[in-house]
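The structure appears right after this line, and notes come after that.
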Amino acid sequence: MPLNVPGILVPFQLFINPRIIVPALSVKDIRQLNFHALKKAGYKGAVFDKDNCLTVPYKDALVPELESSWKECCEVFGEGNVLIVSNSAGSFQDAGGIQAEAINHHLGVPVLFHASMKPSYPCIDTIRTYFGSLRHPIKDRELVIIGDRLFTDIVMANRMNSKGWTEYTRDLMRSVRQVLLSKGSEEKDASHAGSDTKVSAHPRTLAVWTTGVWKREAMVMRFGERKLLEVIQKWTKPREGEVIGDIGLFTRELPSPSQPTQRGLLQQLTARLHLKRS
Ligand SMILES: [Mg+2]
């Protein structure tokens, strides 16, 4: 596996913003997501990780259990509005885009070609360029980003929500101005700030963490990420605008585990019948 430098550098950002790895929503897999509810809430597009989210790592086909949810997602958001961003297919390692083409064939949605790995800012810019160039452009805050790794997928989603240098500078200038102004003016400004930051139905990119894995991979890293998340959730408070109201509406119960088993048995019987016939 190649070295993911942007991912390795994430711990440094944790010192400044530890909540950069905190997902808005955690589900076992995408079957728990209610795509109709997400669309109704104003989300117009989705970015999916591939390995251990939609497919078994380094395989091209969708995990059979996810077929129905995937179909629903693609239908709800519409053609072109669902994008796969992987650090394997479509990345600089995917020579000639062969993997990306295979994934596009199996999953029926575009795969982003990107020169820099998730969660880098250049990769985020490439995603923005893609959604901005659609016939009906989609803004960052109208995107749902779904993936199984906190240090890549969730950090990338939260970076889309974080402020750029321009906004940081503007905030700094505003703070300096407030210090210089009289107390009365400060109170007035504060009341205005409160009304400006009123939370809308879909104020930010939605970071969705899929906690289940289809094949055990990088389990030590996953364990470390999970433990770190627990500590951060225990010791830090959500930032302004981080909490999205009625988020429970976006999830539903996972199908009973007996269903895939029954279907598996049926498939085995059908396969045996076919073998006998041939
Ligand atoms: Mg993955």
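Scheme for the structure tokens: letters A, B, ... for chains in order shown; per-chain residue numbers from 1; ligand numbers from 1 in order shown.
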TODO: Give me the residues within 9 Å of A:Phe35 as a list of chain:residue names, counting only C-alpha atoms and dropping any in the same chain fewer than 6 places off.
DONE: A:Ser69, A:Glu72, A:Cys73, A:Val76, A:Phe77, A:Phe250, A:Thr251
Open item on the list: As a quick test: using only C-alpha atoms and all ligand atoms, which residues lie no more than 8 Å away from ligand 1? Give them as a list of chain:residue names.
Closed with: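 Result of the 8 Å neighbour search around ligand 1: A:Asp49, A:Lys50, A:Asp51, A:Asn52, A:Cys53, A:Pro57, A:Ser86, A:Gly147, A:Asp148, A:Arg149, A:Asp153.
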- [ ] Point out the residue among A:Ser116, A:Asn17, A:Ser133, A:Gln32 with the least atom-to-atom distance to A:Leu66, counting only C-alpha atoms.
- [x] A:Gln32
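Distances to A:Leu206 were evaluated for A:Glu240, A:Asp94, A:Asp60, A:Asp140 using only C-alpha atoms, and the minimum falls at A:Asp140.
Among the residues of stretch 202-250 of chain A, backbone DSSP assigns strand (DSSP E or B) to A:Leu206, A:Ala207, A:Val208, A:Trp209, A:Thr210.
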- [ ] List the neighbours of A:Thr55 out to 12 Å using only C-alpha atoms; skip same-chain residues closer than 4 positions along the sequence, and give me the result as an MDAnalysis selection string.
- [x] chainID A and resid 29:30 48:51 59:67 70 84 86 89 103 106:107 147:148 212:215
Near A:Met156, counting only C-alpha atoms, which residues have an atom at most 9 Å away, once you skip same-chain residues fewer than 4 positions from it, shown as a PDB file with N, CA and C atoms, in the first residue's frame?
ATOM      1  N   ILE A  20     -11.876  17.379  13.809  1.00  0.00           N
ATOM      2  CA  ILE A  20     -11.796  17.191  12.360  1.00  0.00           C
ATOM      3  C   ILE A  20     -12.066  15.719  11.984  1.00  0.00           C
ATOM      4  N   ILE A  21     -11.898  14.805  12.955  1.00  0.00           N
ATOM      5  CA  ILE A  21     -12.145  13.387  12.633  1.00  0.00           C
ATOM      6  C   ILE A  21     -13.525  12.914  13.110  1.00  0.00           C
ATOM      7  N   LYS A 118      -6.803  11.541  -0.894  1.00  0.00           N
ATOM      8  CA  LYS A 118      -7.686  11.996   0.187  1.00  0.00           C
ATOM      9  C   LYS A 118      -6.872  11.982   1.475  1.00  0.00           C
ATOM     10  N   PRO A 119      -7.010  12.876   2.387  1.00  0.00           N
ATOM     11  CA  PRO A 119      -7.966  13.997   2.447  1.00  0.00           C
ATOM     12  C   PRO A 119      -7.328  15.341   2.048  1.00  0.00           C
ATOM     13  N   SER A 120      -6.430  15.335   1.099  1.00  0.00           N
ATOM     14  CA  SER A 120      -5.699  16.570   0.784  1.00  0.00           C
ATOM     15  C   SER A 120      -6.623  17.667   0.239  1.00  0.00           C
ATOM     16  N   TYR A 121      -6.201  18.907   0.405  1.00  0.00           N
ATOM     17  CA  TYR A 121      -6.987  20.037  -0.112  1.00  0.00           C
ATOM     18  C   TYR A 121      -7.037  20.042  -1.643  1.00  0.00           C
ATOM     19  N   CYS A 123      -7.250  17.464  -3.497  1.00  0.00           N
ATOM     20  CA  CYS A 123      -8.283  16.474  -3.821  1.00  0.00           C
ATOM     21  C   CYS A 123      -9.681  17.088  -3.609  1.00  0.00           C
ATOM     22  N   ILE A 124      -9.823  17.851  -2.527  1.00  0.00           N
ATOM     23  CA  ILE A 124     -11.099  18.537  -2.251  1.00  0.00           C
ATOM     24  C   ILE A 124     -11.423  19.511  -3.390  1.00  0.00           C
ATOM     25  N   ILE A 145     -20.704  12.963   2.273  1.00  0.00           N
ATOM     26  CA  ILE A 145     -19.461  12.227   2.001  1.00  0.00           C
ATOM     27  C   ILE A 145     -19.430  10.992   2.883  1.00  0.00           C
ATOM     28  N   LEU A 150     -11.720   7.336   9.195  1.00  0.00           N
ATOM     29  CA  LEU A 150     -11.821   8.660   9.820  1.00  0.00           C
ATOM     30  C   LEU A 150     -10.754   9.616   9.305  1.00  0.00           C
ATOM     31  N   PHE A 151      -9.525   9.106   9.164  1.00  0.00           N
ATOM     32  CA  PHE A 151      -8.402   9.985   8.804  1.00  0.00           C
ATOM     33  C   PHE A 151      -8.394  10.382   7.323  1.00  0.00           C
ATOM     34  N   THR A 152      -9.217   9.757   6.533  1.00  0.00           N
ATOM     35  CA  THR A 152      -9.266  10.159   5.117  1.00  0.00           C
ATOM     36  C   THR A 152     -10.658  10.708   4.778  1.00  0.00           C
ATOM     37  N   MET A 160     -14.011  20.208   4.174  1.00  0.00           N
ATOM     38  CA  MET A 160     -14.882  20.967   3.275  1.00  0.00           C
ATOM     39  C   MET A 160     -15.709  21.973   4.075  1.00  0.00           C
ATOM     40  N   ASN A 161     -15.944  21.631   5.342  1.00  0.00           N
ATOM     41  CA  ASN A 161     -16.725  22.524   6.203  1.00  0.00           C
ATOM     42  C   ASN A 161     -15.877  23.569   6.896  1.00  0.00           C
ATOM     43  N   ALA A 207     -20.692  14.393   6.944  1.00  0.00           N
ATOM     44  CA  ALA A 207     -19.667  13.347   7.011  1.00  0.00           C
ATOM     45  C   ALA A 207     -20.279  12.079   7.594  1.00  0.00           C
TER      46      ALA A 207
END
TODO: Have a look at atom CA of A:Val85 and atom CA of A:Lys39 and let me know their distance in Å, one decimal.
DONE: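 Interatomic distance here is 20.3 Å.
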TODO: Pick out each residue of stretch 69-251 of chain A that DSSP on the backbone tags as alpha helix (DSSP H); I need them as a PyMOL selection string.
DONE: chain A and resi 69-77+98-107+121-132+155-161+165-180+183-196+219-235
Same residues, C-alpha atoms, saved as a PDB file, in the first residue's frame:
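Here's the written file again-v4.pdb:
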ATOM      1  CA  SER A  69     -29.303   0.684  -1.230  1.00  0.00           C
ATOM      2  CA  TRP A  70     -26.884   1.604  -3.982  1.00  0.00           C
ATOM      3  CA  LYS A  71     -29.666   1.551  -6.561  1.00  0.00           C
ATOM      4  CA  GLU A  72     -31.797   3.748  -4.324  1.00  0.00           C
ATOM      5  CA  CYS A  73     -28.952   6.207  -3.797  1.00  0.00           C
ATOM      6  CA  CYS A  74     -28.240   6.539  -7.532  1.00  0.00           C
ATOM      7  CA  GLU A  75     -31.932   6.994  -8.341  1.00  0.00           C
ATOM      8  CA  VAL A  76     -32.513   9.540  -5.576  1.00  0.00           C
ATOM      9  CA  PHE A  77     -29.551  11.794  -6.359  1.00  0.00           C
ATOM     10  CA  ILE A  98      -8.016   1.008 -15.797  1.00  0.00           C
ATOM     11  CA  GLN A  99      -9.390   0.529 -12.277  1.00  0.00           C
ATOM     12  CA  ALA A 100     -11.552   3.632 -12.570  1.00  0.00           C
ATOM     13  CA  GLU A 101     -13.027   2.320 -15.795  1.00  0.00           C
ATOM     14  CA  ALA A 102     -13.740  -1.064 -14.205  1.00  0.00           C
ATOM     15  CA  ILE A 103     -15.437   0.572 -11.204  1.00  0.00           C
ATOM     16  CA  ASN A 104     -17.454   2.831 -13.473  1.00  0.00           C
ATOM     17  CA  HIS A 105     -18.587  -0.253 -15.385  1.00  0.00           C
ATOM     18  CA  HIS A 106     -19.601  -2.190 -12.264  1.00  0.00           C
ATOM     19  CA  LEU A 107     -21.113   0.622 -10.205  1.00  0.00           C
ATOM     20  CA  TYR A 121      -6.987  20.037  -0.112  1.00  0.00           C
ATOM     21  CA  PRO A 122      -6.066  19.583  -3.814  1.00  0.00           C
ATOM     22  CA  CYS A 123      -8.283  16.474  -3.821  1.00  0.00           C
ATOM     23  CA  ILE A 124     -11.099  18.537  -2.251  1.00  0.00           C
ATOM     24  CA  ASP A 125     -10.615  21.161  -4.971  1.00  0.00           C
ATOM     25  CA  THR A 126     -10.954  18.465  -7.632  1.00  0.00           C
ATOM     26  CA  ILE A 127     -14.225  17.317  -6.057  1.00  0.00           C
ATOM     27  CA  ARG A 128     -15.481  20.920  -5.975  1.00  0.00           C
ATOM     28  CA  THR A 129     -14.535  21.381  -9.619  1.00  0.00           C
ATOM     29  CA  TYR A 130     -16.468  18.247 -10.540  1.00  0.00           C
ATOM     30  CA  PHE A 131     -19.666  19.225  -8.713  1.00  0.00           C
ATOM     31  CA  GLY A 132     -19.341  22.856  -9.732  1.00  0.00           C
ATOM     32  CA  VAL A 155     -11.376  14.455   7.615  1.00  0.00           C
ATOM     33  CA  MET A 156     -11.978  15.305   3.962  1.00  0.00           C
ATOM     34  CA  ALA A 157     -15.680  15.942   4.603  1.00  0.00           C
ATOM     35  CA  ASN A 158     -14.930  18.085   7.653  1.00  0.00           C
ATOM     36  CA  ARG A 159     -12.231  20.008   5.804  1.00  0.00           C
ATOM     37  CA  MET A 160     -14.882  20.967   3.275  1.00  0.00           C
ATOM     38  CA  ASN A 161     -16.725  22.524   6.203  1.00  0.00           C
ATOM     39  CA  TRP A 165      -7.555  31.327   5.257  1.00  0.00           C
ATOM     40  CA  THR A 166      -9.729  34.189   3.965  1.00  0.00           C
ATOM     41  CA  GLU A 167     -12.452  33.401   6.482  1.00  0.00           C
ATOM     42  CA  TYR A 168      -9.926  32.967   9.303  1.00  0.00           C
ATOM     43  CA  THR A 169      -8.461  36.381   8.469  1.00  0.00           C
ATOM     44  CA  ARG A 170     -11.926  37.966   8.334  1.00  0.00           C
ATOM     45  CA  ASP A 171     -12.790  36.446  11.728  1.00  0.00           C
ATOM     46  CA  LEU A 172      -9.529  37.702  13.207  1.00  0.00           C
ATOM     47  CA  MET A 173     -10.183  41.207  11.914  1.00  0.00           C
ATOM     48  CA  ARG A 174     -13.712  41.072  13.329  1.00  0.00           C
ATOM     49  CA  SER A 175     -12.362  40.035  16.753  1.00  0.00           C
ATOM     50  CA  VAL A 176      -9.825  42.869  16.734  1.00  0.00           C
ATOM     51  CA  ARG A 177     -12.556  45.335  15.776  1.00  0.00           C
ATOM     52  CA  GLN A 178     -14.770  44.083  18.626  1.00  0.00           C
ATOM     53  CA  VAL A 179     -11.967  44.594  21.133  1.00  0.00           C
ATOM     54  CA  LEU A 180     -11.482  48.159  19.914  1.00  0.00           C
ATOM     55  CA  LYS A 183     -18.929  47.338  25.116  1.00  0.00           C
ATOM     56  CA  GLY A 184     -22.319  48.436  23.836  1.00  0.00           C
ATOM     57  CA  SER A 185     -21.254  47.977  20.261  1.00  0.00           C
ATOM     58  CA  GLU A 186     -19.800  44.585  21.098  1.00  0.00           C
ATOM     59  CA  GLU A 187     -23.140  43.417  22.443  1.00  0.00           C
ATOM     60  CA  LYS A 188     -24.831  44.690  19.315  1.00  0.00           C
ATOM     61  CA  ASP A 189     -22.341  42.818  17.124  1.00  0.00           C
ATOM     62  CA  ALA A 190     -22.781  39.655  19.169  1.00  0.00           C
ATOM     63  CA  SER A 191     -26.527  39.755  18.736  1.00  0.00           C
ATOM     64  CA  HIS A 192     -26.062  40.191  14.973  1.00  0.00           C
ATOM     65  CA  ALA A 193     -23.559  37.312  14.891  1.00  0.00           C
ATOM     66  CA  GLY A 194     -26.117  35.099  16.604  1.00  0.00           C
ATOM     67  CA  SER A 195     -28.736  35.807  13.982  1.00  0.00           C
ATOM     68  CA  ASP A 196     -26.220  35.274  11.151  1.00  0.00           C
ATOM     69  CA  MET A 219      -7.373  -3.147  11.638  1.00  0.00           C
ATOM     70  CA  VAL A 220      -4.731  -1.685  13.976  1.00  0.00           C
ATOM     71  CA  MET A 221      -5.142   1.733  12.351  1.00  0.00           C
ATOM     72  CA  ARG A 222      -8.917   1.419  12.551  1.00  0.00           C
ATOM     73  CA  PHE A 223      -8.698   0.505  16.250  1.00  0.00           C
ATOM     74  CA  GLY A 224      -6.475   3.516  16.872  1.00  0.00           C
ATOM     75  CA  GLU A 225      -8.820   5.833  14.958  1.00  0.00           C
ATOM     76  CA  ARG A 226     -11.835   4.548  16.863  1.00  0.00           C
ATOM     77  CA  LYS A 227     -10.175   4.983  20.268  1.00  0.00           C
ATOM     78  CA  LEU A 228      -9.010   8.474  19.377  1.00  0.00           C
ATOM     79  CA  LEU A 229     -12.531   9.357  18.275  1.00  0.00           C
ATOM     80  CA  GLU A 230     -13.911   8.147  21.614  1.00  0.00           C
ATOM     81  CA  VAL A 231     -11.445  10.349  23.510  1.00  0.00           C
ATOM     82  CA  ILE A 232     -12.185  13.396  21.353  1.00  0.00           C
ATOM     83  CA  GLN A 233     -15.939  12.920  21.665  1.00  0.00           C
ATOM     84  CA  LYS A 234     -15.599  12.613  25.433  1.00  0.00           C
ATOM     85  CA  TRP A 235     -13.358  15.631  25.992  1.00  0.00           C
TER      86      TRP A 235
END
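Of note, atom CA of A:Asn81 and atom CA of A:Ser68 are spaced 17.8 Å apart.
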Open item on the list: Report as a PyMOL selection string all protein, DNA and RNA residues lying within 7 Å of A:Met117, evaluated on only C-alpha atoms, omitting residues in the same chain fewer than 5 positions from it.
Closed with: chain A and resi 4+6+87+91+123
Keeping N, CA and C atoms, export the residues of the selection given above as a PDB file, in the first residue's frame.
ATOM      1  N   ASN A   4       0.197   7.338   2.311  1.00  0.00           N
ATOM      2  CA  ASN A   4      -0.761   8.435   2.131  1.00  0.00           C
ATOM      3  C   ASN A   4      -0.298   9.621   2.976  1.00  0.00           C
ATOM      4  N   PRO A   6      -0.971  12.942   2.872  1.00  0.00           N
ATOM      5  CA  PRO A   6      -2.012  13.820   3.442  1.00  0.00           C
ATOM      6  C   PRO A   6      -2.707  13.199   4.647  1.00  0.00           C
ATOM      7  N   ASN A  87      -8.733   6.251  -3.004  1.00  0.00           N
ATOM      8  CA  ASN A  87      -7.280   6.421  -3.037  1.00  0.00           C
ATOM      9  C   ASN A  87      -6.614   5.300  -3.820  1.00  0.00           C
ATOM     10  N   SER A  91      -6.845   7.267  -8.699  1.00  0.00           N
ATOM     11  CA  SER A  91      -5.727   8.027  -8.119  1.00  0.00           C
ATOM     12  C   SER A  91      -4.511   7.913  -9.040  1.00  0.00           C
ATOM     13  N   CYS A 123      -7.250  17.464  -3.497  1.00  0.00           N
ATOM     14  CA  CYS A 123      -8.283  16.474  -3.821  1.00  0.00           C
ATOM     15  C   CYS A 123      -9.681  17.088  -3.609  1.00  0.00           C
TER      16      CYS A 123
END
- [ ] Could you tell me how far atom CA of A:Gly97 lies from atom CA of A:Leu3, in Å and to one decimal?
- [x]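 If I compute the distance from atom CA of A:Gly97 to atom CA of A:Leu3, I get 19.6 Å.
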